[in-house]
>>> print(open('upload.pdb').read())   # PDB, C-alpha atoms (C1' of nucleotides)
ATOM      1  CA  MET A   1     119.277 165.628 126.485
ATOM      2  CA  GLU A   2     117.869 163.757 123.542
ATOM      3  CA  THR A   3     115.386 165.472 121.299
ATOM      4  CA  ILE A   4     112.194 163.681 120.327
ATOM      5  CA  GLU A   5     113.501 163.296 116.789
ATOM      6  CA  GLN A   6     116.588 161.583 118.103
ATOM      7  CA  VAL A   7     114.559 159.220 120.246
ATOM      8  CA  LEU A   8     112.403 158.194 117.327
ATOM      9  CA  GLU A   9     115.268 157.896 114.875
ATOM     10  CA  SER A  10     117.343 155.817 117.243
ATOM     11  CA  ARG A  11     114.522 153.262 117.305
ATOM     12  CA  ASN A  12     114.043 153.325 113.552
ATOM     13  CA  ILE A  13     110.739 155.097 113.720
ATOM     14  CA  ARG A  14     110.074 157.595 111.012
ATOM     15  CA  VAL A  15     109.636 161.083 112.314
ATOM     16  CA  THR A  16     106.233 162.558 111.542
ATOM     17  CA  ALA A  17     104.373 165.507 113.017
ATOM     18  CA  MET A  18     101.742 163.215 114.514
ATOM     19  CA  ARG A  19     104.260 160.970 116.211
ATOM     20  CA  MET A  20     106.154 163.870 117.678
ATOM     21  CA  LEU A  21     102.954 165.336 119.080
ATOM     22  CA  ILE A  22     101.909 162.055 120.622
ATOM     23  CA  TYR A  23     105.344 161.503 122.088
ATOM     24  CA  LYS A  24     105.301 165.005 123.531
ATOM     25  CA  PHE A  25     101.861 164.392 124.993
ATOM     26  CA  LEU A  26     103.000 161.203 126.688
ATOM     27  CA  ALA A  27     106.169 162.847 127.961
ATOM     28  CA  GLU A  28     104.242 165.684 129.563
ATOM     29  CA  LYS A  29     101.801 163.359 131.261
ATOM     30  CA  GLU A  30     103.089 161.923 134.470
ATOM     31  CA  VAL A  31     100.354 159.284 134.476
ATOM     32  CA  ALA A  32      99.468 156.392 132.213
ATOM     33  CA  VAL A  33      96.906 157.319 129.584
ATOM     34  CA  THR A  34      94.212 155.491 127.703
ATOM     35  CA  LEU A  35      93.672 155.631 123.988
ATOM     36  CA  SER A  36      90.623 157.792 124.654
ATOM     37  CA  ASP A  37      92.751 160.258 126.576
ATOM     38  CA  ILE A  38      94.956 160.690 123.546
ATOM     39  CA  GLU A  39      91.914 160.857 121.327
ATOM     40  CA  ASN A  40      90.474 163.691 123.374
ATOM     41  CA  ALA A  41      93.754 165.554 123.276
ATOM     42  CA  PHE A  42      93.986 165.302 119.502
ATOM     43  CA  VAL A  43      90.452 165.665 118.267
ATOM     44  CA  LYS A  44      91.652 166.348 114.757
ATOM     45  CA  ALA A  45      93.434 163.049 114.447
ATOM     46  CA  ASP A  46      91.831 159.733 113.737
ATOM     47  CA  ARG A  47      91.491 157.011 116.354
ATOM     48  CA  THR A  48      93.213 154.506 114.145
ATOM     49  CA  THR A  49      96.264 156.663 113.668
ATOM     50  CA  LEU A  50      96.628 157.133 117.396
ATOM     51  CA  TYR A  51      96.064 153.441 117.962
ATOM     52  CA  ARG A  52      98.686 152.438 115.447
ATOM     53  CA  THR A  53     101.135 155.063 116.613
ATOM     54  CA  ILE A  54     100.937 153.675 120.132
ATOM     55  CA  LYS A  55     101.345 150.151 118.793
ATOM     56  CA  THR A  56     104.436 151.240 116.905
ATOM     57  CA  PHE A  57     105.855 152.895 120.001
ATOM     58  CA  GLU A  58     105.120 149.746 121.935
ATOM     59  CA  GLU A  59     106.865 147.480 119.447
ATOM     60  CA  LYS A  60     109.912 149.704 119.512
ATOM     61  CA  ALA A  61     109.921 149.755 123.309
ATOM     62  CA  ILE A  62     109.284 153.458 123.668
ATOM     63  CA  VAL A  63     105.982 152.856 125.388
ATOM     64  CA  HIS A  64     104.736 150.093 127.658
ATOM     65  CA  GLN A  65     101.248 148.865 128.153
ATOM     66  CA  ILE A  66      99.659 148.778 131.583
ATOM     67  CA  ASP A  67      96.766 146.657 132.663
ATOM     68  CA  ASP A  68      95.566 148.246 135.859
ATOM     69  CA  GLY A  69      92.408 146.230 136.260
ATOM     70  CA  THR A  70      90.004 148.887 135.038
ATOM     71  CA  GLY A  71      89.551 146.900 131.859
ATOM     72  CA  ILE A  72      90.947 149.692 129.752
ATOM     73  CA  THR A  73      94.486 149.440 128.502
ATOM     74  CA  LYS A  74      96.737 152.286 129.470
ATOM     75  CA  TYR A  75     100.090 153.366 128.121
ATOM     76  CA  ALA A  76     103.094 155.173 129.457
ATOM     77  CA  LEU A  77     106.522 156.134 128.177
ATOM     78  CA  CYS A  78     109.275 153.764 129.131
ATOM     79  CA  GLU A  79     112.060 155.186 131.197
ATOM     80  CA  GLN A  80     115.310 155.951 129.536
ATOM     81  CA  GLY A  81     117.291 152.777 129.144
ATOM     82  CA  CYS A  82     114.252 150.651 129.870
ATOM     83  CA  ASN A  83     113.853 147.725 127.600
ATOM     84  CA  CYS A  84     110.315 146.574 128.008
ATOM     85  CA  ASP A  85     110.682 143.428 125.957
ATOM     86  CA  ILE A  86     113.328 142.214 128.328
ATOM     87  CA  LYS A  87     111.347 140.613 131.086
ATOM     88  CA  THR A  88     113.602 141.443 133.964
ATOM     89  CA  ASP A  89     113.325 145.184 134.353
ATOM     90  CA  LEU A  90     109.807 145.533 135.622
ATOM     91  CA  HIS A  91     108.567 148.247 137.832
ATOM     92  CA  LEU A  92     105.217 148.286 139.540
ATOM     93  CA  HIS A  93     102.202 150.421 138.897
ATOM     94  CA  PHE A  94      99.907 152.187 141.296
ATOM     95  CA  HIS A  95      96.256 152.707 140.562
ATOM     96  CA  CYS A  96      94.343 155.273 142.602
ATOM     97  CA  ASN A  97      90.824 154.177 143.438
ATOM     98  CA  ASN A  98      89.898 157.781 144.030
ATOM     99  CA  CYS A  99      91.092 159.750 141.000
ATOM    100  CA  ASN A 100      91.324 156.645 138.831
ATOM    101  CA  GLU A 101      94.796 157.520 137.650
ATOM    102  CA  THR A 102      97.604 155.055 137.205
ATOM    103  CA  ILE A 103     101.229 155.953 137.625
ATOM    104  CA  CYS A 104     104.517 154.145 137.187
ATOM    105  CA  LEU A 105     106.561 153.677 140.323
ATOM    106  CA  THR A 106     109.715 153.336 138.333
ATOM    107  CA  ASP A 107     112.074 153.048 141.242
ATOM    108  CA  HIS A 108     110.014 150.328 142.916
ATOM    109  CA  LYS A 109     111.032 147.081 141.354
ATOM    110  CA  ILE A 110     108.905 143.994 141.614
ATOM    111  CA  PRO A 111     110.214 141.533 144.191
ATOM    112  CA  GLN A 112     111.088 138.021 143.189
ATOM    113  CA  ILE A 113     107.927 135.921 143.208
ATOM    114  CA  LYS A 114     108.196 132.234 143.996
ATOM    115  CA  VAL A 115     106.054 129.892 141.945
ATOM    116  CA  PRO A 116     105.444 126.153 142.536
ATOM    117  CA  ASP A 117     107.598 123.447 140.971
ATOM    118  CA  GLY A 118     106.893 122.935 137.311
ATOM    119  CA  PHE A 119     105.824 126.502 136.757
ATOM    120  CA  VAL A 120     108.068 128.822 134.778
ATOM    121  CA  SER A 121     107.735 132.534 135.467
ATOM    122  CA  GLU A 122     108.362 134.737 132.455
ATOM    123  CA  ASN A 123     106.655 137.946 133.329
ATOM    124  CA  VAL A 124     104.958 139.621 136.255
ATOM    125  CA  ASN A 125     102.155 142.133 136.299
ATOM    126  CA  LEU A 126     101.835 143.890 139.605
ATOM    127  CA  VAL A 127      99.351 146.647 140.274
ATOM    128  CA  VAL A 128      98.896 148.121 143.705
ATOM    129  CA  LYS A 129      95.569 149.826 144.266
ATOM    130  CA  GLY A 130      94.740 152.382 146.856
ATOM    131  CA  ILE A 131      94.928 156.125 147.340
ATOM    132  CA  CYS A 132      97.638 158.144 145.665
ATOM    133  CA  ASP A 133      99.672 160.913 147.263
ATOM    134  CA  LYS A 134      97.580 163.673 145.713
ATOM    135  CA  CYS A 135      94.308 162.206 146.940
ATOM    136  CA  SER A 136      95.476 161.194 150.409
ATOM    137  CA  GLY A 137      96.922 164.565 151.297
TER     138      GLY A 137
ATOM    139  CA  MET B   1      81.497 119.196 154.285
ATOM    140  CA  GLU B   2      79.066 121.905 153.315
ATOM    141  CA  THR B   3      76.553 121.239 150.597
ATOM    142  CA  ILE B   4      76.056 123.759 147.824
ATOM    143  CA  GLU B   5      72.676 124.663 149.264
ATOM    144  CA  GLN B   6      74.280 125.429 152.570
ATOM    145  CA  VAL B   7      76.930 127.599 150.994
ATOM    146  CA  LEU B   8      74.352 129.635 149.131
ATOM    147  CA  GLU B   9      71.972 129.927 152.043
ATOM    148  CA  SER B  10      74.695 130.992 154.425
ATOM    149  CA  ARG B  11      75.379 133.960 152.132
ATOM    150  CA  ASN B  12      71.704 134.825 151.744
ATOM    151  CA  ILE B  13      71.554 133.718 148.161
ATOM    152  CA  ARG B  14      68.357 132.032 147.104
ATOM    153  CA  VAL B  15      68.870 128.490 145.989
ATOM    154  CA  THR B  16      67.863 127.886 142.385
ATOM    155  CA  ALA B  17      68.678 125.098 139.975
ATOM    156  CA  MET B  18      70.695 127.455 137.792
ATOM    157  CA  ARG B  19      72.790 128.742 140.648
ATOM    158  CA  MET B  20      73.545 125.293 141.923
ATOM    159  CA  LEU B  21      74.638 124.164 138.484
ATOM    160  CA  ILE B  22      76.885 127.164 138.033
ATOM    161  CA  TYR B  23      78.385 126.733 141.473
ATOM    162  CA  LYS B  24      79.011 123.077 140.744
ATOM    163  CA  PHE B  25      80.633 123.956 137.435
ATOM    164  CA  LEU B  26      82.980 126.418 139.109
ATOM    165  CA  ALA B  27      83.798 123.964 141.873
ATOM    166  CA  GLU B  28      84.752 121.265 139.409
ATOM    167  CA  LYS B  29      86.985 123.564 137.404
ATOM    168  CA  GLU B  30      90.416 123.960 138.810
ATOM    169  CA  VAL B  31      91.072 127.009 136.630
ATOM    170  CA  ALA B  32      89.526 130.436 136.393
ATOM    171  CA  VAL B  33      86.794 130.607 133.777
ATOM    172  CA  THR B  34      85.395 133.273 131.514
ATOM    173  CA  LEU B  35      81.743 134.071 131.067
ATOM    174  CA  SER B  36      81.941 132.421 127.660
ATOM    175  CA  ASP B  37      83.248 129.237 129.235
ATOM    176  CA  ILE B  38      80.163 129.101 131.404
ATOM    177  CA  GLU B  39      78.015 130.006 128.455
ATOM    178  CA  ASN B  40      79.378 127.105 126.444
ATOM    179  CA  ALA B  41      78.811 124.739 129.310
ATOM    180  CA  PHE B  42      75.183 125.784 129.700
ATOM    181  CA  VAL B  43      73.935 126.352 126.187
ATOM    182  CA  LYS B  44      70.343 126.293 127.335
ATOM    183  CA  ALA B  45      70.797 129.218 129.680
ATOM    184  CA  ASP B  46      70.949 132.854 128.730
ATOM    185  CA  ARG B  47      74.135 134.880 128.861
ATOM    186  CA  THR B  48      72.501 137.453 131.067
ATOM    187  CA  THR B  49      71.453 134.956 133.672
ATOM    188  CA  LEU B  50      74.970 133.579 133.854
ATOM    189  CA  TYR B  51      76.387 137.062 133.994
ATOM    190  CA  ARG B  52      74.095 138.104 136.805
ATOM    191  CA  THR B  53      74.582 134.894 138.700
ATOM    192  CA  ILE B  54      78.318 135.466 138.676
ATOM    193  CA  LYS B  55      77.822 139.055 139.773
ATOM    194  CA  THR B  56      75.665 137.865 142.641
ATOM    195  CA  PHE B  57      78.285 135.319 143.656
ATOM    196  CA  GLU B  58      80.904 138.035 143.473
ATOM    197  CA  GLU B  59      78.962 140.423 145.678
ATOM    198  CA  LYS B  60      78.460 137.706 148.234
ATOM    199  CA  ALA B  61      82.146 136.811 148.155
ATOM    200  CA  ILE B  62      81.669 133.316 146.797
ATOM    201  CA  VAL B  63      83.550 134.123 143.631
ATOM    202  CA  HIS B  64      86.407 136.486 142.868
ATOM    203  CA  GLN B  65      87.222 138.205 139.661
ATOM    204  CA  ILE B  66      90.600 137.826 138.001
ATOM    205  CA  ASP B  67      92.124 140.152 135.500
ATOM    206  CA  ASP B  68      94.947 138.171 133.958
ATOM    207  CA  GLY B  69      95.826 140.617 131.228
ATOM    208  CA  THR B  70      94.098 138.784 128.404
ATOM    209  CA  GLY B  71      91.453 141.472 128.421
ATOM    210  CA  ILE B  72      88.760 139.001 129.330
ATOM    211  CA  THR B  73      87.530 138.857 132.877
ATOM    212  CA  LYS B  74      87.814 135.490 134.545
ATOM    213  CA  TYR B  75      86.191 134.127 137.676
ATOM    214  CA  ALA B  76      87.033 131.522 140.246
ATOM    215  CA  LEU B  77      85.519 130.264 143.475
ATOM    216  CA  CYS B  78      86.955 131.783 146.588
ATOM    217  CA  GLU B  79      88.601 129.392 148.958
ATOM    218  CA  GLN B  80      86.757 128.397 152.054
ATOM    219  CA  GLY B  81      87.082 131.077 154.623
ATOM    220  CA  CYS B  82      88.292 133.548 152.058
ATOM    221  CA  ASN B  83      86.686 136.913 152.301
ATOM    222  CA  CYS B  84      87.464 138.635 149.080
ATOM    223  CA  ASP B  85      86.240 142.022 150.169
ATOM    224  CA  ILE B  86      88.731 141.992 152.987
ATOM    225  CA  LYS B  87      91.871 143.252 151.391
ATOM    226  CA  THR B  88      94.387 141.275 153.311
ATOM    227  CA  ASP B  89      93.948 137.722 152.159
ATOM    228  CA  LEU B  90      95.210 137.923 148.624
ATOM    229  CA  HIS B  91      96.733 135.100 146.730
ATOM    230  CA  LEU B  92      98.412 135.391 143.376
ATOM    231  CA  HIS B  93      97.338 134.131 140.012
ATOM    232  CA  PHE B  94      99.310 132.368 137.347
ATOM    233  CA  HIS B  95      98.521 132.774 133.691
ATOM    234  CA  CYS B  96      99.963 130.273 131.248
ATOM    235  CA  ASN B  97     101.063 131.824 127.975
ATOM    236  CA  ASN B  98     100.838 128.441 126.322
ATOM    237  CA  CYS B  99      97.440 126.970 127.208
ATOM    238  CA  ASN B 100      96.013 130.368 128.128
ATOM    239  CA  GLU B 101      94.628 129.103 131.410
ATOM    240  CA  THR B 102      94.723 130.993 134.648
ATOM    241  CA  ILE B 103      94.875 129.337 138.011
ATOM    242  CA  CYS B 104      94.796 130.496 141.600
ATOM    243  CA  LEU B 105      97.926 129.813 143.579
ATOM    244  CA  THR B 106      96.046 129.947 146.820
ATOM    245  CA  ASP B 107      98.898 129.037 149.071
ATOM    246  CA  HIS B 108     101.213 131.634 147.584
ATOM    247  CA  LYS B 109     100.462 134.867 149.346
ATOM    248  CA  ILE B 110     101.487 138.176 147.920
ATOM    249  CA  PRO B 111     104.529 139.659 149.646
ATOM    250  CA  GLN B 112     104.281 143.017 151.312
ATOM    251  CA  ILE B 113     104.801 145.732 148.711
ATOM    252  CA  LYS B 114     106.341 149.011 149.759
ATOM    253  CA  VAL B 115     104.847 152.153 148.250
ATOM    254  CA  PRO B 116     106.198 155.712 148.469
ATOM    255  CA  ASP B 117     105.177 158.139 151.218
ATOM    256  CA  GLY B 118     101.703 159.530 150.753
ATOM    257  CA  PHE B 119     100.452 156.471 148.943
ATOM    258  CA  VAL B 120      98.024 154.156 150.697
ATOM    259  CA  SER B 121      97.932 150.567 149.545
ATOM    260  CA  GLU B 122      94.527 148.947 149.793
ATOM    261  CA  ASN B 123      94.732 146.086 147.389
ATOM    262  CA  VAL B 124      97.240 144.258 145.250
ATOM    263  CA  ASN B 125      96.716 142.536 141.938
ATOM    264  CA  LEU B 126      99.520 140.189 141.050
ATOM    265  CA  VAL B 127      99.541 138.005 137.967
ATOM    266  CA  VAL B 128     102.571 135.932 137.092
ATOM    267  CA  LYS B 129     102.768 134.876 133.467
ATOM    268  CA  GLY B 130     104.753 132.022 132.056
ATOM    269  CA  ILE B 131     104.391 128.309 131.479
ATOM    270  CA  CYS B 132     102.281 126.195 133.791
ATOM    271  CA  ASP B 133     103.196 122.796 135.155
ATOM    272  CA  LYS B 134     101.114 120.919 132.610
ATOM    273  CA  CYS B 135     102.659 122.699 129.651
ATOM    274  CA  SER B 136     106.253 122.696 130.881
ATOM    275  CA  GLY B 137     106.383 118.978 131.582
TER     276      GLY B 137
ATOM    277  C1'  DA C   1      44.195 131.799 145.344
ATOM    278  C1'  DA C   2      46.075 136.600 145.150
ATOM    279  C1'  DA C   3      49.815 139.576 145.711
ATOM    280  C1'  DC C   4      54.501 140.173 145.811
ATOM    281  C1'  DC C   5      59.323 139.946 144.899
ATOM    282  C1'  DA C   6      63.213 137.628 143.012
ATOM    283  C1'  DA C   7      65.109 135.241 139.076
ATOM    284  C1'  DT C   8      65.286 134.456 134.269
ATOM    285  C1'  DG C   9      65.140 135.339 129.207
ATOM    286  C1'  DC C  10      65.055 138.347 125.209
ATOM    287  C1'  DA C  11      66.529 142.308 122.881
ATOM    288  C1'  DA C  12      69.277 145.960 122.475
ATOM    289  C1'  DT C  13      73.110 149.192 123.623
ATOM    290  C1'  DG C  14      77.791 150.874 124.492
ATOM    291  C1'  DG C  15      82.669 150.824 124.504
ATOM    292  C1'  DA C  16      87.049 149.326 123.210
ATOM    293  C1'  DA C  17      90.032 146.714 120.115
ATOM    294  C1'  DG C  18      91.156 145.595 115.767
ATOM    295  C1'  DT C  19      91.165 145.241 110.305
ATOM    296  C1'  DG C  20      90.711 146.352 105.116
ATOM    297  C1'  DC C  21      91.224 149.582 101.888
ATOM    298  C1'  DA C  22      91.710 153.992  99.748
ATOM    299  C1'  DA C  23      94.081 158.417  99.971
ATOM    300  C1'  DT C  24      97.807 160.978 101.316
ATOM    301  C1'  DT C  25     102.514 161.938 102.453
ATOM    302  C1'  DA C  26     107.313 161.076 102.642
ATOM    303  C1'  DT C  27     111.396 158.648 100.711
ATOM    304  C1'  DT C  28     114.164 156.685  97.136
ATOM    305  C1'  DA C  29     115.668 155.952  92.433
ATOM    306  C1'  DC C  30     116.357 157.682  87.981
TER     307       DC C  30
ATOM    308  C1'  DG D   1     113.183 167.620  89.360
ATOM    309  C1'  DT D   2     110.179 164.000  88.436
ATOM    310  C1'  DA D   3     108.579 159.262  88.543
ATOM    311  C1'  DA D   4     108.246 155.161  91.226
ATOM    312  C1'  DT D   5     107.907 153.221  95.671
ATOM    313  C1'  DA D   6     106.952 152.539 100.414
ATOM    314  C1'  DA D   7     105.127 154.085 104.711
ATOM    315  C1'  DT D   8     101.623 156.701 107.111
ATOM    316  C1'  DT D   9      97.106 158.403 107.839
ATOM    317  C1'  DG D  10      91.948 158.565 107.592
ATOM    318  C1'  DC D  11      87.445 156.460 106.909
ATOM    319  C1'  DA D  12      84.324 152.813 107.370
ATOM    320  C1'  DC D  13      83.311 148.775 109.205
ATOM    321  C1'  DT D  14      83.451 144.570 112.163
ATOM    322  C1'  DT D  15      83.922 141.904 116.285
ATOM    323  C1'  DC D  16      83.835 140.883 120.973
ATOM    324  C1'  DC D  17      82.725 141.465 125.659
ATOM    325  C1'  DA D  18      80.230 143.877 129.267
ATOM    326  C1'  DT D  19      76.037 145.793 130.664
ATOM    327  C1'  DT D  20      71.084 147.383 130.966
ATOM    328  C1'  DG D  21      65.755 147.762 130.281
ATOM    329  C1'  DC D  22      61.843 145.404 130.213
ATOM    330  C1'  DA D  23      58.688 141.687 129.964
ATOM    331  C1'  DT D  24      57.903 137.075 131.725
ATOM    332  C1'  DT D  25      58.304 133.261 134.666
ATOM    333  C1'  DG D  26      58.514 131.096 139.093
ATOM    334  C1'  DG D  27      58.625 130.657 143.886
ATOM    335  C1'  DT D  28      57.052 132.685 148.726
ATOM    336  C1'  DT D  29      54.128 134.680 151.707
ATOM    337  C1'  DT D  30      49.730 136.087 153.414
TER     338       DT D  30
END
>>> encode(input="upload.pdb", output="C-alpha cells")
Amino acid sequence: METIEQVLESRNIRVTAMRMLIYKFLAEKEVAVTLSDIENAFVKADRTTLYRTIKTFEEKAIVHQIDDGTGITKYALCEQGCNCDIKTDLHLHFHCNNCNETICLTDHKIPQIKVPDGFVSENVNLVVKGICDKCSG
Amino acid sequence: METIEQVLESRNIRVTAMRMLIYKFLAEKEVAVTLSDIENAFVKADRTTLYRTIKTFEEKAIVHQIDDGTGITKYALCEQGCNCDIKTDLHLHFHCNNCNETICLTDHKIPQIKVPDGFVSENVNLVVKGICDKCSG
DNA sequence: AAACCAATGCAATGGAAGTGCAATTATTAC
DNA sequence: GTAATAATTGCACTTCCATTGCATTGGTTT
C-alpha cells in the first residue's frame, strides 16, 4: 500500500500539507467532485490554490477531469496504474439525475466506436445519465 | 418538403421574422453552433432574444443541445422525426480538436451501454474527439 | 380601437475559469 | 547555519458564458 507521500513523490510532485489534504479528500470521496466541493471542504484555503493543485494533479495523471454535462467540471482520482494521458484506457462515467452525483465506473470500459471514413478518433467522452444504485433502491 | 413556417407552427411556436432567420441559419449550418456564433451572424439582434429563441426551439424539440467538452454549449437542429426528449434515438457527436467544430453523426447510433446492477440508464452522452474529415485530408 | 399576451431589447447579475503579482514556504548552495 | 533560489500559496482582479427582471414593442383577439 502506497502512502500519499509516495504517490506524490513518484510523480515528481512536491509534498505539501495542502496537497496531501486534497489528495486524502479525493481518495475518501467515491464520487467525482467539483472545485466548489473542495472549496467547501477546505474553507481556510484559497480557491486558487485548490484550482492549481487540481491542475497539477491532472497534469501528473493523478486526477482526471470529467465533463458530465452539468456544465461544471468535476474531478476524480485516477485508478492505480491508470494513465489518463494515454487515450486508450478510458472508463465511462455515470451521472445520477436524482442526486446529481457522478461516479466512475472503472471496470466498464468504453466500447469501440466506429466513425465515418476520414475521421480519426483520438478520445471518447461517454457519460451515461440516469438513476444511480443509491437512488433507485 | 416542409417550409420553416410549417415546422414552427406544427410545434406550436409562433412564427416571427427572428425565429425564421435563426431556424434558417441553423439549417444551413452543417455543424453545431454556439450562442456566440448566432450572435455574430445576427449583430442587429440581442443576445437574449437569440438565447430565448434557442431555448424555445429546444423545449419544442426542434433543436438539441450538445456538450462537446469545450465548456461552451452548442446547438444543432434535430433531424426530421427526431424526438430529442425521447431517450432512445441518440446519435453521437464528433468534435474536431483541430478546427474545433462539432458535428452530428446522425447515422451513427450509440451502442447499448451496460451499467451495473441497481443503475438505471436513461440517457447517454457520447462525444468522440479527434480529427474530422476536412482536417485529416 | 382597446385589451391582452407573446416576443424582443436593455441592463444587470451570478458563477466558474483563469491570470498577475506579491508574500510565504520549502529547497539548494555556500 | 545562513544566504540565495525556486516553488507554492493567497489576494485581487478579469473574462466569459449563462441567465433573469423589467420595460417596451408588436401582433391577435374581441
>>> resolve_selection(input="upload.pdb", expression="the PyMOL selection byres ((chain A) within 10 of (chain C))", output="PDB file with C-alpha atoms, in the frame of the given file")
ATOM      1  CA  ARG A  14     110.074 157.595 111.012  1.00  0.00           C
ATOM      2  CA  VAL A  15     109.636 161.083 112.314  1.00  0.00           C
ATOM      3  CA  THR A  16     106.233 162.558 111.542  1.00  0.00           C
ATOM      4  CA  LEU A  35      93.672 155.631 123.988  1.00  0.00           C
ATOM      5  CA  SER A  36      90.623 157.792 124.654  1.00  0.00           C
ATOM      6  CA  THR A  48      93.213 154.506 114.145  1.00  0.00           C
ATOM      7  CA  TYR A  51      96.064 153.441 117.962  1.00  0.00           C
ATOM      8  CA  GLY A  71      89.551 146.900 131.859  1.00  0.00           C
ATOM      9  CA  ILE A  72      90.947 149.692 129.752  1.00  0.00           C
ATOM     10  CA  THR A  73      94.486 149.440 128.502  1.00  0.00           C
TER      11      THR A  73
END
>>> closest_atom_pairs(input="upload.pdb", of="chain B", to="chain A", cutoff="10 Å", atoms="only C-alpha atoms", output="Markdown table")
| residue | atom | partner | partner_atom | distance |
| --- | --- | --- | --- | --- |
| B:Ile66 | CA | A:Gly69 | CA | 8.8 |
| B:Asp67 | CA | A:Gly69 | CA | 6.1 |
| B:Asp68 | CA | A:Asn125 | CA | 8.6 |
| B:Gly69 | CA | A:Asp67 | CA | 6.3 |
| B:Thr70 | CA | A:Asp67 | CA | 9.3 |
| B:Gly71 | CA | A:Gly71 | CA | 6.7 |
| B:Ile72 | CA | A:Gly71 | CA | 8.3 |
| B:Thr73 | CA | A:Gly71 | CA | 8.4 |
| B:Leu92 | CA | A:Val115 | CA | 9.5 |
| B:His93 | CA | A:Val115 | CA | 9.9 |
| B:Phe94 | CA | A:Val115 | CA | 8.5 |
| B:His95 | CA | A:Ser121 | CA | 9.4 |
| B:Cys96 | CA | A:Phe119 | CA | 8.9 |
| B:Asn97 | CA | A:Glu122 | CA | 9.0 |
| B:Leu105 | CA | A:Val115 | CA | 8.3 |
| B:Asp107 | CA | A:Pro116 | CA | 9.7 |
| B:His108 | CA | A:Val115 | CA | 7.6 |
| B:Lys109 | CA | A:Ile113 | CA | 9.7 |
| B:Ile110 | CA | A:Ile113 | CA | 8.3 |
| B:Pro111 | CA | A:Pro111 | CA | 8.1 |
| B:Gln112 | CA | A:Pro111 | CA | 9.4 |
| B:Ile113 | CA | A:Val128 | CA | 8.1 |
| B:Lys114 | CA | A:His108 | CA | 7.9 |
| B:Val115 | CA | A:His108 | CA | 7.6 |
| B:Pro116 | CA | A:Leu105 | CA | 8.4 |
| B:Asp117 | CA | A:Asp133 | CA | 7.3 |
| B:Gly118 | CA | A:Asp133 | CA | 4.3 |
| B:Phe119 | CA | A:Cys132 | CA | 4.6 |
| B:Val120 | CA | A:Ile131 | CA | 5.0 |
| B:Ser121 | CA | A:Gly130 | CA | 4.6 |
| B:Glu122 | CA | A:Gly130 | CA | 4.5 |
| B:Asn123 | CA | A:Lys129 | CA | 4.9 |
| B:Val124 | CA | A:Val128 | CA | 4.5 |
| B:Asn125 | CA | A:Val127 | CA | 5.2 |
| B:Leu126 | CA | A:Leu126 | CA | 4.6 |
| B:Val127 | CA | A:Asn125 | CA | 5.2 |
| B:Val128 | CA | A:Val124 | CA | 4.5 |
| B:Lys129 | CA | A:Asn123 | CA | 5.0 |
| B:Gly130 | CA | A:Glu122 | CA | 4.5 |
| B:Ile131 | CA | A:Val120 | CA | 5.0 |
| B:Cys132 | CA | A:Phe119 | CA | 4.6 |
| B:Asp133 | CA | A:Gly118 | CA | 4.3 |
| B:Lys134 | CA | A:Gly118 | CA | 7.7 |
| B:Cys135 | CA | A:Phe119 | CA | 8.7 |
| B:Ser136 | CA | A:Gly118 | CA | 6.5 |
| B:Gly137 | CA | A:Gly118 | CA | 7.0 |
>>> interface_residues(input="upload.pdb", of="chain A", to="chain D", cutoff="10 Å", atoms="only C-alpha atoms (C1' of nucleotides)", output="ChimeraX atom specification")
/A:14,16,18,45-50,52-53
>>> atom_distance(input="upload.pdb", atom1="atom CA of Ile54 of chain B", atom2="atom CA of Lys74 of chain A")
26.6 Å
>>> resolve_selection(input="upload.pdb", expression="the PyMOL selection byres ((chain A and resi 77) around 12)", output="count of residues only")
36
